[in-house]
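One file, structure-v1.pdb, is given below (PDB, C-alpha atoms).
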ATOM      1  CA  MET A1343       7.912  34.281 -33.393  1.00  0.00           C
ATOM      2  CA  ARG A1344       4.647  32.578 -34.344  1.00  0.00           C
ATOM      3  CA  GLY A1345       2.785  34.733 -31.847  1.00  0.00           C
ATOM      4  CA  ALA A1346       4.225  37.861 -33.447  1.00  0.00           C
ATOM      5  CA  ILE A1347       3.239  36.620 -36.875  1.00  0.00           C
ATOM      6  CA  ILE A1348      -0.355  35.935 -35.751  1.00  0.00           C
ATOM      7  CA  LEU A1349      -0.712  39.374 -34.202  1.00  0.00           C
ATOM      8  CA  LEU A1350       0.870  41.012 -37.221  1.00  0.00           C
ATOM      9  CA  ILE A1351      -1.400  39.365 -39.745  1.00  0.00           C
ATOM     10  CA  LEU A1352      -4.576  40.010 -37.786  1.00  0.00           C
ATOM     11  CA  SER A1353      -3.727  43.561 -36.792  1.00  0.00           C
ATOM     12  CA  GLN A1354      -2.878  44.647 -40.332  1.00  0.00           C
ATOM     13  CA  SER A1355      -5.523  47.346 -40.744  1.00  0.00           C
ATOM     14  CA  THR A1356      -5.376  47.625 -44.501  1.00  0.00           C
ATOM     15  CA  LEU A1357      -6.473  45.881 -47.638  1.00  0.00           C
ATOM     16  CA  SER A1358      -2.981  46.032 -49.006  1.00  0.00           C
ATOM     17  CA  PHE A1359      -2.274  42.413 -48.156  1.00  0.00           C
ATOM     18  CA  GLN A1360       0.692  40.949 -49.984  1.00  0.00           C
ATOM     19  CA  PHE A1361      -0.614  37.845 -51.728  1.00  0.00           C
ATOM     20  CA  PRO A1362       1.490  34.941 -53.080  1.00  0.00           C
ATOM     21  CA  ASN A1363       2.094  34.123 -56.712  1.00  0.00           C
ATOM     22  CA  LEU A1364      -0.208  31.270 -57.736  1.00  0.00           C
ATOM     23  CA  GLY A1365       0.632  30.566 -61.347  1.00  0.00           C
ATOM     24  CA  GLY A1366      -1.454  27.418 -61.450  1.00  0.00           C
ATOM     25  CA  LEU A1367      -4.571  29.348 -60.475  1.00  0.00           C
ATOM     26  CA  PHE A1368      -4.440  31.833 -63.363  1.00  0.00           C
ATOM     27  CA  LYS A1369      -7.682  31.989 -65.292  1.00  0.00           C
ATOM     28  CA  PRO A1370      -7.226  32.080 -69.072  1.00  0.00           C
ATOM     29  CA  PRO A1371      -7.932  35.605 -70.357  1.00  0.00           C
ATOM     30  CA  SER A1372     -11.323  36.045 -71.991  1.00  0.00           C
ATOM     31  CA  ILE A1373     -10.550  37.320 -75.464  1.00  0.00           C
ATOM     32  CA  LEU A1374     -14.151  38.147 -76.318  1.00  0.00           C
ATOM     33  CA  ASP A1375     -14.911  40.576 -73.522  1.00  0.00           C
ATOM     34  CA  LYS A1376     -12.179  43.105 -74.389  1.00  0.00           C
ATOM     35  CA  SER A1377     -10.522  44.478 -77.493  1.00  0.00           C
ATOM     36  CA  PRO A1378      -7.601  42.507 -78.979  1.00  0.00           C
ATOM     37  CA  GLN A1379      -5.208  45.159 -77.683  1.00  0.00           C
ATOM     38  CA  VAL A1380      -6.505  44.854 -74.117  1.00  0.00           C
ATOM     39  CA  SER A1381      -6.505  41.065 -74.238  1.00  0.00           C
ATOM     40  CA  SER A1382      -2.899  41.184 -75.427  1.00  0.00           C
ATOM     41  CA  LYS A1383      -1.990  43.483 -72.548  1.00  0.00           C
ATOM     42  CA  LYS A1384      -3.632  41.116 -70.076  1.00  0.00           C
ATOM     43  CA  ILE A1385      -1.550  38.229 -71.361  1.00  0.00           C
ATOM     44  CA  GLU A1386       1.554  40.425 -71.281  1.00  0.00           C
ATOM     45  CA  LEU A1387       0.811  41.322 -67.660  1.00  0.00           C
ATOM     46  CA  LEU A1388       0.332  37.720 -66.562  1.00  0.00           C
ATOM     47  CA  ASN A1389       3.590  36.760 -68.249  1.00  0.00           C
ATOM     48  CA  ALA A1390       5.393  39.687 -66.618  1.00  0.00           C
ATOM     49  CA  ILE A1391       4.338  38.790 -63.072  1.00  0.00           C
ATOM     50  CA  SER A1392       4.809  35.047 -63.380  1.00  0.00           C
ATOM     51  CA  SER A1393       7.725  33.479 -61.522  1.00  0.00           C
ATOM     52  CA  THR A1394       8.260  36.566 -59.342  1.00  0.00           C
ATOM     53  CA  ALA A1395       7.093  34.923 -56.074  1.00  0.00           C
ATOM     54  CA  ASN A1396       4.283  37.449 -55.643  1.00  0.00           C
ATOM     55  CA  GLY A1397       6.658  40.221 -56.640  1.00  0.00           C
ATOM     56  CA  LYS A1398       9.288  39.320 -54.049  1.00  0.00           C
ATOM     57  CA  THR A1399      11.951  38.470 -56.624  1.00  0.00           C
ATOM     58  CA  ALA A1400      10.959  41.095 -59.198  1.00  0.00           C
ATOM     59  CA  THR A1401      13.844  43.294 -60.266  1.00  0.00           C
ATOM     60  CA  LEU A1402      13.474  47.051 -60.629  1.00  0.00           C
ATOM     61  CA  ASP A1403      13.203  46.646 -64.382  1.00  0.00           C
ATOM     62  CA  GLN A1404      10.468  44.013 -63.931  1.00  0.00           C
ATOM     63  CA  GLN A1405       8.603  46.279 -61.518  1.00  0.00           C
ATOM     64  CA  ARG A1406       8.780  49.175 -63.966  1.00  0.00           C
ATOM     65  CA  ASN A1407       7.518  46.920 -66.742  1.00  0.00           C
ATOM     66  CA  VAL A1408       4.586  45.683 -64.649  1.00  0.00           C
ATOM     67  CA  LEU A1409       3.683  49.210 -63.560  1.00  0.00           C
ATOM     68  CA  GLY A1410       3.716  50.336 -67.185  1.00  0.00           C
ATOM     69  CA  ILE A1411       1.425  47.528 -68.353  1.00  0.00           C
ATOM     70  CA  VAL A1412      -0.918  48.065 -65.421  1.00  0.00           C
ATOM     71  CA  ARG A1413      -1.154  51.778 -66.085  1.00  0.00           C
ATOM     72  CA  GLU A1414      -1.977  51.158 -69.742  1.00  0.00           C
ATOM     73  CA  LEU A1415      -4.851  48.885 -68.720  1.00  0.00           C
ATOM     74  CA  GLU A1416      -6.095  51.378 -66.128  1.00  0.00           C
ATOM     75  CA  LEU A1417      -6.122  54.234 -68.640  1.00  0.00           C
ATOM     76  CA  GLU A1418      -7.463  52.182 -71.546  1.00  0.00           C
ATOM     77  CA  CYS A1419     -10.310  50.618 -69.530  1.00  0.00           C
ATOM     78  CA  PRO A1420     -11.107  52.868 -66.562  1.00  0.00           C
ATOM     79  CA  VAL A1421     -13.404  51.420 -63.939  1.00  0.00           C
ATOM     80  CA  SER A1422     -16.979  52.696 -63.968  1.00  0.00           C
ATOM     81  CA  PRO A1423     -17.596  55.444 -61.382  1.00  0.00           C
ATOM     82  CA  THR A1424     -20.699  53.519 -60.291  1.00  0.00           C
ATOM     83  CA  ILE A1425     -18.972  50.168 -59.738  1.00  0.00           C
ATOM     84  CA  LEU A1426     -19.650  50.324 -55.991  1.00  0.00           C
ATOM     85  CA  SER A1427     -23.100  51.902 -56.161  1.00  0.00           C
ATOM     86  CA  ASP A1428     -24.712  50.049 -59.066  1.00  0.00           C
ATOM     87  CA  PRO A1429     -26.087  46.661 -57.892  1.00  0.00           C
ATOM     88  CA  THR A1430     -25.253  45.041 -61.219  1.00  0.00           C
ATOM     89  CA  GLU A1431     -21.786  46.495 -61.755  1.00  0.00           C
ATOM     90  CA  ILE A1432     -20.602  45.667 -58.239  1.00  0.00           C
ATOM     91  CA  LYS A1433     -21.010  41.967 -58.999  1.00  0.00           C
ATOM     92  CA  ALA A1434     -17.752  42.205 -60.961  1.00  0.00           C
ATOM     93  CA  LEU A1435     -15.989  42.251 -57.566  1.00  0.00           C
ATOM     94  CA  ASP A1436     -17.877  39.300 -56.102  1.00  0.00           C
ATOM     95  CA  GLY A1437     -16.189  36.040 -55.180  1.00  0.00           C
ATOM     96  CA  THR A1438     -12.752  34.751 -54.234  1.00  0.00           C
ATOM     97  CA  TRP A1439      -9.671  36.383 -55.734  1.00  0.00           C
ATOM     98  CA  PHE A1440      -6.041  35.284 -55.546  1.00  0.00           C
ATOM     99  CA  LEU A1441      -3.532  38.103 -55.605  1.00  0.00           C
ATOM    100  CA  GLN A1442      -0.649  37.103 -57.829  1.00  0.00           C
ATOM    101  CA  TYR A1443       1.649  40.094 -57.535  1.00  0.00           C
ATOM    102  CA  THR A1444       2.295  42.964 -55.154  1.00  0.00           C
ATOM    103  CA  SER A1445       4.724  45.856 -55.207  1.00  0.00           C
ATOM    104  CA  PRO A1446       4.867  49.565 -54.431  1.00  0.00           C
ATOM    105  CA  SER A1447       2.869  51.731 -56.826  1.00  0.00           C
ATOM    106  CA  LYS A1448       5.999  53.733 -57.537  1.00  0.00           C
ATOM    107  CA  VAL A1449       9.465  52.392 -58.226  1.00  0.00           C
ATOM    108  CA  GLU A1450      12.224  54.266 -56.467  1.00  0.00           C
ATOM    109  CA  ASP A1451      13.936  56.932 -58.617  1.00  0.00           C
ATOM    110  CA  ASP A1452      11.518  56.309 -61.499  1.00  0.00           C
ATOM    111  CA  VAL A1453      10.242  59.625 -62.855  1.00  0.00           C
ATOM    112  CA  SER A1454       9.150  58.410 -66.290  1.00  0.00           C
ATOM    113  CA  ASN A1455       5.629  59.444 -67.290  1.00  0.00           C
ATOM    114  CA  ALA A1456       5.166  60.983 -63.846  1.00  0.00           C
ATOM    115  CA  GLU A1457       2.135  62.948 -64.976  1.00  0.00           C
ATOM    116  CA  ASN A1458       0.315  59.726 -65.878  1.00  0.00           C
ATOM    117  CA  ASN A1459       1.198  57.787 -62.736  1.00  0.00           C
ATOM    118  CA  TRP A1460      -1.523  56.723 -60.321  1.00  0.00           C
ATOM    119  CA  LYS A1461      -1.868  59.050 -57.342  1.00  0.00           C
ATOM    120  CA  ALA A1462      -4.017  58.630 -54.249  1.00  0.00           C
ATOM    121  CA  ILE A1463      -6.668  61.307 -53.731  1.00  0.00           C
ATOM    122  CA  GLU A1464      -7.803  62.204 -50.200  1.00  0.00           C
ATOM    123  CA  ALA A1465      -5.804  59.223 -48.975  1.00  0.00           C
ATOM    124  CA  SER A1466      -6.644  59.590 -45.271  1.00  0.00           C
ATOM    125  CA  GLU A1467     -10.376  59.945 -46.059  1.00  0.00           C
ATOM    126  CA  GLY A1468     -10.819  62.890 -43.704  1.00  0.00           C
ATOM    127  CA  GLU A1469     -12.340  61.953 -40.363  1.00  0.00           C
ATOM    128  CA  ALA A1470     -11.817  58.267 -41.120  1.00  0.00           C
ATOM    129  CA  ASN A1471      -8.151  58.937 -40.292  1.00  0.00           C
ATOM    130  CA  ILE A1472      -6.875  56.014 -42.357  1.00  0.00           C
ATOM    131  CA  GLU A1473      -3.192  55.135 -42.183  1.00  0.00           C
ATOM    132  CA  THR A1474      -1.417  56.262 -45.342  1.00  0.00           C
ATOM    133  CA  LYS A1475       2.258  55.706 -44.554  1.00  0.00           C
ATOM    134  CA  GLN A1476       3.680  54.128 -47.690  1.00  0.00           C
ATOM    135  CA  ILE A1477       5.303  50.696 -47.521  1.00  0.00           C
ATOM    136  CA  LYS A1478       7.931  49.444 -49.942  1.00  0.00           C
ATOM    137  CA  SER A1479       7.802  45.709 -49.264  1.00  0.00           C
ATOM    138  CA  LYS A1480       7.335  43.118 -52.005  1.00  0.00           C
ATOM    139  CA  GLY A1481       5.767  39.678 -51.557  1.00  0.00           C
ATOM    140  CA  SER A1482       5.214  40.244 -47.869  1.00  0.00           C
ATOM    141  CA  VAL A1483       2.923  41.634 -45.184  1.00  0.00           C
ATOM    142  CA  SER A1484       4.296  44.614 -43.297  1.00  0.00           C
ATOM    143  CA  ALA A1485       3.017  46.268 -40.129  1.00  0.00           C
ATOM    144  CA  ALA A1486       4.370  47.823 -36.959  1.00  0.00           C
ATOM    145  CA  GLY A1487       7.916  47.556 -38.257  1.00  0.00           C
ATOM    146  CA  LEU A1488       7.680  43.798 -38.828  1.00  0.00           C
ATOM    147  CA  THR A1489       7.639  41.978 -42.148  1.00  0.00           C
ATOM    148  CA  VAL A1490       6.285  38.492 -42.782  1.00  0.00           C
ATOM    149  CA  ASP A1491       7.151  36.730 -46.024  1.00  0.00           C
ATOM    150  CA  THR A1492       4.008  35.486 -47.795  1.00  0.00           C
ATOM    151  CA  SER A1493       5.554  34.719 -51.175  1.00  0.00           C
ATOM    152  CA  ASN A1494       5.130  30.981 -50.601  1.00  0.00           C
ATOM    153  CA  ARG A1495       1.671  31.117 -49.013  1.00  0.00           C
ATOM    154  CA  VAL A1496      -1.869  30.994 -50.392  1.00  0.00           C
ATOM    155  CA  VAL A1497      -3.737  34.174 -49.517  1.00  0.00           C
ATOM    156  CA  LYS A1498      -7.227  34.985 -50.736  1.00  0.00           C
ATOM    157  CA  GLN A1499      -9.453  38.028 -50.770  1.00  0.00           C
ATOM    158  CA  VAL A1500     -13.164  37.259 -50.673  1.00  0.00           C
ATOM    159  CA  PHE A1501     -15.799  39.842 -51.623  1.00  0.00           C
ATOM    160  CA  ASN A1502     -19.453  39.323 -50.718  1.00  0.00           C
ATOM    161  CA  THR A1503     -21.169  42.282 -52.331  1.00  0.00           C
ATOM    162  CA  ASP A1504     -24.646  41.276 -51.149  1.00  0.00           C
ATOM    163  CA  GLU A1505     -23.487  41.703 -47.557  1.00  0.00           C
ATOM    164  CA  SER A1506     -20.901  44.425 -48.295  1.00  0.00           C
ATOM    165  CA  THR A1507     -18.097  42.427 -46.696  1.00  0.00           C
ATOM    166  CA  VAL A1508     -14.530  41.602 -47.645  1.00  0.00           C
ATOM    167  CA  TYR A1509     -12.210  39.092 -45.980  1.00  0.00           C
ATOM    168  CA  ASN A1510      -8.532  38.320 -46.335  1.00  0.00           C
ATOM    169  CA  VAL A1511      -7.599  34.687 -45.706  1.00  0.00           C
ATOM    170  CA  VAL A1512      -4.021  33.453 -45.346  1.00  0.00           C
ATOM    171  CA  GLU A1513      -2.818  29.875 -44.978  1.00  0.00           C
ATOM    172  CA  LEU A1514      -0.259  29.662 -42.163  1.00  0.00           C
ATOM    173  CA  ASP A1515       2.052  26.862 -41.113  1.00  0.00           C
ATOM    174  CA  PHE A1516      -0.161  26.208 -38.087  1.00  0.00           C
ATOM    175  CA  GLY A1517      -3.628  26.991 -39.490  1.00  0.00           C
ATOM    176  CA  VAL A1518      -5.626  29.616 -41.352  1.00  0.00           C
ATOM    177  CA  GLY A1519      -5.882  33.300 -40.507  1.00  0.00           C
ATOM    178  CA  ARG A1520      -8.934  35.319 -41.481  1.00  0.00           C
ATOM    179  CA  ALA A1521      -9.596  39.027 -41.068  1.00  0.00           C
ATOM    180  CA  GLY A1522     -12.212  41.300 -42.559  1.00  0.00           C
ATOM    181  CA  GLY A1523     -15.286  43.403 -42.152  1.00  0.00           C
ATOM    182  CA  THR A1524     -17.766  45.616 -43.934  1.00  0.00           C
ATOM    183  CA  PHE A1525     -17.018  48.062 -46.723  1.00  0.00           C
ATOM    184  CA  ARG A1526     -18.685  51.206 -48.023  1.00  0.00           C
ATOM    185  CA  PRO A1527     -18.044  53.464 -51.029  1.00  0.00           C
ATOM    186  CA  SER A1528     -15.749  56.411 -50.479  1.00  0.00           C
ATOM    187  CA  PRO A1529     -17.417  59.822 -50.867  1.00  0.00           C
ATOM    188  CA  ASN A1530     -14.174  61.125 -52.383  1.00  0.00           C
ATOM    189  CA  VAL A1531     -13.125  58.410 -54.866  1.00  0.00           C
ATOM    190  CA  LEU A1532     -16.042  56.499 -56.360  1.00  0.00           C
ATOM    191  CA  ASN A1533     -14.089  53.294 -57.132  1.00  0.00           C
ATOM    192  CA  ARG A1534     -12.640  53.140 -53.608  1.00  0.00           C
ATOM    193  CA  ALA A1535     -14.064  50.852 -50.936  1.00  0.00           C
ATOM    194  CA  ILE A1536     -13.437  51.940 -47.340  1.00  0.00           C
ATOM    195  CA  VAL A1537     -13.205  48.941 -45.027  1.00  0.00           C
ATOM    196  CA  ALA A1538     -13.995  48.665 -41.336  1.00  0.00           C
ATOM    197  CA  PHE A1539     -12.348  45.499 -40.082  1.00  0.00           C
ATOM    198  CA  ASP A1540     -14.248  43.969 -37.167  1.00  0.00           C
ATOM    199  CA  GLU A1541     -13.578  40.230 -37.416  1.00  0.00           C
ATOM    200  CA  ALA A1542     -10.347  38.294 -36.981  1.00  0.00           C
ATOM    201  CA  SER A1543      -9.613  34.682 -36.201  1.00  0.00           C
ATOM    202  CA  ILE A1544      -7.041  31.926 -36.367  1.00  0.00           C
ATOM    203  CA  THR A1545      -8.289  28.402 -37.017  1.00  0.00           C
ATOM    204  CA  PHE A1546      -5.552  26.027 -35.919  1.00  0.00           C
ATOM    205  CA  LYS A1547      -4.978  22.676 -37.551  1.00  0.00           C
ATOM    206  CA  ASN A1548      -6.380  20.912 -34.486  1.00  0.00           C
ATOM    207  CA  GLY A1549      -9.703  22.720 -35.008  1.00  0.00           C
ATOM    208  CA  PHE A1550      -9.325  25.265 -32.199  1.00  0.00           C
ATOM    209  CA  VAL A1551     -10.489  28.763 -33.202  1.00  0.00           C
ATOM    210  CA  LEU A1552      -8.923  31.830 -31.635  1.00  0.00           C
ATOM    211  CA  ASN A1553     -11.080  34.932 -32.093  1.00  0.00           C
ATOM    212  CA  LEU A1554      -9.176  38.217 -32.055  1.00  0.00           C
ATOM    213  CA  GLY A1555     -11.719  40.685 -33.395  1.00  0.00           C
ATOM    214  CA  TRP A1556     -11.321  42.760 -30.249  1.00  0.00           C
ATOM    215  CA  ILE A1557      -7.989  43.965 -31.662  1.00  0.00           C
ATOM    216  CA  PHE A1558      -9.835  46.061 -34.222  1.00  0.00           C
ATOM    217  CA  GLY A1559     -12.065  47.449 -31.495  1.00  0.00           C
ATOM    218  CA  ILE A1560      -9.014  48.765 -29.673  1.00  0.00           C
ATOM    219  CA  ILE A1561      -7.561  50.205 -32.870  1.00  0.00           C
ATOM    220  CA  GLY A1562     -10.880  51.911 -33.641  1.00  0.00           C
ATOM    221  CA  PHE A1563     -11.065  53.383 -30.136  1.00  0.00           C
ATOM    222  CA  ILE A1564      -7.548  54.795 -30.379  1.00  0.00           C
ATOM    223  CA  LYS A1565      -8.183  56.215 -33.870  1.00  0.00           C
ATOM    224  CA  ASN A1566     -11.727  57.321 -33.075  1.00  0.00           C
ATOM    225  CA  SER A1567     -12.788  55.599 -36.292  1.00  0.00           C
ATOM    226  CA  ARG A1568     -13.778  52.057 -37.253  1.00  0.00           C
ATOM    227  CA  ASP A1569     -12.368  52.514 -40.742  1.00  0.00           C
ATOM    228  CA  ASN A1570      -9.066  50.659 -41.111  1.00  0.00           C
ATOM    229  CA  GLY A1571      -8.120  50.912 -44.780  1.00  0.00           C
ATOM    230  CA  TRP A1572      -9.290  51.323 -48.339  1.00  0.00           C
ATOM    231  CA  LEU A1573      -9.036  49.540 -51.623  1.00  0.00           C
ATOM    232  CA  GLU A1574      -9.345  51.128 -55.058  1.00  0.00           C
ATOM    233  CA  THR A1575     -10.296  48.862 -57.937  1.00  0.00           C
ATOM    234  CA  THR A1576      -8.554  50.405 -60.943  1.00  0.00           C
ATOM    235  CA  TYR A1577      -9.204  47.641 -63.498  1.00  0.00           C
ATOM    236  CA  VAL A1578     -11.536  44.667 -63.398  1.00  0.00           C
ATOM    237  CA  ASP A1579     -12.983  42.020 -65.664  1.00  0.00           C
ATOM    238  CA  LYS A1580     -13.857  38.387 -65.046  1.00  0.00           C
ATOM    239  CA  ASP A1581     -10.213  37.333 -65.261  1.00  0.00           C
ATOM    240  CA  ILE A1582      -8.164  40.033 -63.571  1.00  0.00           C
ATOM    241  CA  ARG A1583      -8.641  42.665 -60.891  1.00  0.00           C
ATOM    242  CA  ILE A1584      -6.051  45.375 -60.360  1.00  0.00           C
ATOM    243  CA  GLY A1585      -6.107  47.599 -57.324  1.00  0.00           C
ATOM    244  CA  ARG A1586      -4.285  50.097 -55.161  1.00  0.00           C
ATOM    245  CA  GLY A1587      -4.288  50.210 -51.367  1.00  0.00           C
ATOM    246  CA  ASN A1588      -4.143  52.990 -48.817  1.00  0.00           C
ATOM    247  CA  LYS A1589      -0.451  52.257 -48.144  1.00  0.00           C
ATOM    248  CA  GLY A1590       0.478  52.612 -51.788  1.00  0.00           C
ATOM    249  CA  THR A1591       0.536  48.943 -52.696  1.00  0.00           C
ATOM    250  CA  LEU A1592      -0.239  47.788 -56.220  1.00  0.00           C
ATOM    251  CA  PHE A1593      -1.744  44.336 -56.499  1.00  0.00           C
ATOM    252  CA  VAL A1594      -2.892  42.061 -59.292  1.00  0.00           C
ATOM    253  CA  LEU A1595      -5.489  39.390 -58.580  1.00  0.00           C
ATOM    254  CA  THR A1596      -6.971  36.583 -60.636  1.00  0.00           C
TER     255      THR A1596
END

Would you mind writing the file's structure down as structure tokens?
Amino acid sequence: MRGAIILLILSQSTLSFQFPNLGGLFKPPSILDKSPQVSSKKIELLNAISSTANGKTATLDQQRNVLGIVRELELECPVSPTILSDPTEIKALDGTWFLQYTSPSKVEDDVSNAENNWKAIEASEGEANIETKQIKSKGSVSAAGLTVDTSNRVVKQVFNTDESTVYNVVELDFGVGRAGGTFRPSPNVLNRAIVAFDEASITFKNGFVLNLGWIFGIIGFIKNSRDNGWLETTYVDKDIRIGRGNKGTLFVLT
């Protein structure tokens, strides 16, 4: 089972990692950098996603509530179209982020405000041939028909904008898994980063490091593309980052 979990985590060719809820790591919202209404919405969002085990235990009503708050923030404070191309603006993404909540971007049978809902544009990114099959899991990592619960694990996403790299790091029972690669701006959606995963490793508790980057080489050969996934940043400030992934996942990071 552990072997399947390792392969699953490191072969997940998407940025839509399902991160655990880490209430103790919330940063206090910065009231001065946004309007009072936006600051209030940020607090409302953090309260709404707390105690949901990274979204795993969120009810349909809670999911709808979170999606509504998120959409208000996205529409009220849209991300700059030059966030990935401007050397100053891109710094807003820099550093280590903890994803506190994950869920599908659309709740089943919910047609309210459909015209205002987030929708992926050019999801497969043309010749990049990126996987776009939607997943409906909450508080978990899903791939190849397998699901691994991550609601009780610490998972981080680390952006290094100087080197144009992003890494996902997950703490496992037997060590730490790390997977990532380089990113580039999408030519179709200016706030979307297309990622080419090329590094993967497991560092076991005894210090042994198992390198599995070759997995992404095989995937790239089969797909005829090194691009594995994409990540849209739809809201960001120094406290919270909200994003959408190529498999339809909504995530909230702090």

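Taking only C-alpha atoms, the non-local environment of region 1429-1431 of chain A within 9 Å (same-chain residues fewer than 5 positions away omitted) comprises Ser1422, Thr1424, Thr1503 and Asp1504 of chain A.
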
Exercise. Find the residues around Pro1527 (chain A) up to 9 Å (only C-alpha atoms counted), leave out those fewer than 4 positions away in its own chain, and share them as a PyMOL selection string.
Key: chain A and resi 1426-1427+1531-1537

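From CA of Val1594 (chain A) back to CA of Thr1394 (chain A), the distance works out to 12.4 Å.
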
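Once Lys1398 (chain A) and its same-chain neighbours fewer than 4 positions away are set aside, Thr1394, Lys1480, Gly1481 and Ser1493 of chain A remain within 7 Å of it when counting only C-alpha atoms.
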
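CA of Lys1580 (chain A) to CA of Leu1409 (chain A) spans 20.7 Å [interatomic distance, one decimal].
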
Exercise. Enter the distance from CA of Thr1545 (chain A) to CA of Gly1523 (chain A), in Å, rounded to one decimal.
Key: 17.3 Å

Residues returned when the PyMOL selection byres ((chain A and resi 1465) around 12) runs on this file, as a compact mmCIF listing (two decimals) with C-alpha atoms, in the coordinates of the input:
# COMPACT_ATOMS: atom_id res chain seq x y z
CA LYS A 1461 -1.87 59.05 -57.34
CA ALA A 1462 -4.02 58.63 -54.25
CA ILE A 1463 -6.67 61.31 -53.73
CA GLU A 1464 -7.80 62.20 -50.20
CA SER A 1466 -6.64 59.59 -45.27
CA GLU A 1467 -10.38 59.94 -46.06
CA GLY A 1468 -10.82 62.89 -43.70
CA GLU A 1469 -12.34 61.95 -40.36
CA ALA A 1470 -11.82 58.27 -41.12
CA ASN A 1471 -8.15 58.94 -40.29
CA ILE A 1472 -6.88 56.01 -42.36
CA GLU A 1473 -3.19 55.14 -42.18
CA THR A 1474 -1.42 56.26 -45.34
CA LYS A 1475 2.26 55.71 -44.55
CA GLN A 1476 3.68 54.13 -47.69
CA SER A 1528 -15.75 56.41 -50.48
CA PRO A 1529 -17.42 59.82 -50.87
CA ASN A 1530 -14.17 61.12 -52.38
CA VAL A 1531 -13.12 58.41 -54.87
CA ARG A 1534 -12.64 53.14 -53.61
CA ALA A 1535 -14.06 50.85 -50.94
CA ILE A 1536 -13.44 51.94 -47.34
CA GLY A 1571 -8.12 50.91 -44.78
CA TRP A 1572 -9.29 51.32 -48.34
CA LEU A 1573 -9.04 49.54 -51.62
CA GLU A 1574 -9.35 51.13 -55.06
CA ARG A 1586 -4.28 50.10 -55.16
CA GLY A 1587 -4.29 50.21 -51.37
CA ASN A 1588 -4.14 52.99 -48.82
CA LYS A 1589 -0.45 52.26 -48.14
CA GLY A 1590 0.48 52.61 -51.79

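By all atoms listed in the file, and with residues fewer than 3 positions from Gly1410 (chain A) along its chain excluded, the set lying at most 12 Å from it is A:Lys1383, A:Glu1386, A:Leu1387, A:Ala1390, A:Asp1403, A:Gln1404, A:Gln1405, A:Arg1406, A:Asn1407, A:Arg1413, A:Glu1414, A:Leu1415, A:Glu1416, A:Leu1417, A:Ser1447, A:Lys1448, A:Val1449, A:Asp1452, A:Ser1454, A:Asn1455, A:Ala1456, A:Asn1458, A:Asn1459, A:Trp1460, A:Leu1592.
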
Practice problem: Tell me, as an MDAnalysis selection string, which residues lie within 10 Å of Leu1435 (chain A), counting all atoms listed in the file; anything in the same chain fewer than 3 positions away does not count. | Solution: chainID A and resid 1425:1426 1431:1432 1438:1439 1500:1503 1575 1578:1580 1583

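Each of A:Asn1396, A:Gln1442, A:Ser1567, A:Thr1576 was compared to Gln1499 (chain A) using only C-alpha atoms, and A:Gln1442 turns out to be the nearest.
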
Practice problem: Go through the shown structure with the PyMOL selection byres ((chain A and resi 1521) around 8) and write out the matching residues as a ChimeraX atom specification. | Solution: /A:1352,1509-1511,1519-1520,1522-1523,1539-1543

Quiz item: Do you know which residues lie at most 6 Å from (-6.8, 49.6, -36.1), with coordinates as in the file and only C-alpha atoms counted, and could you write them as a PyMOL selection string?
Solution: chain A and resi 1355+1558+1561-1562+1570
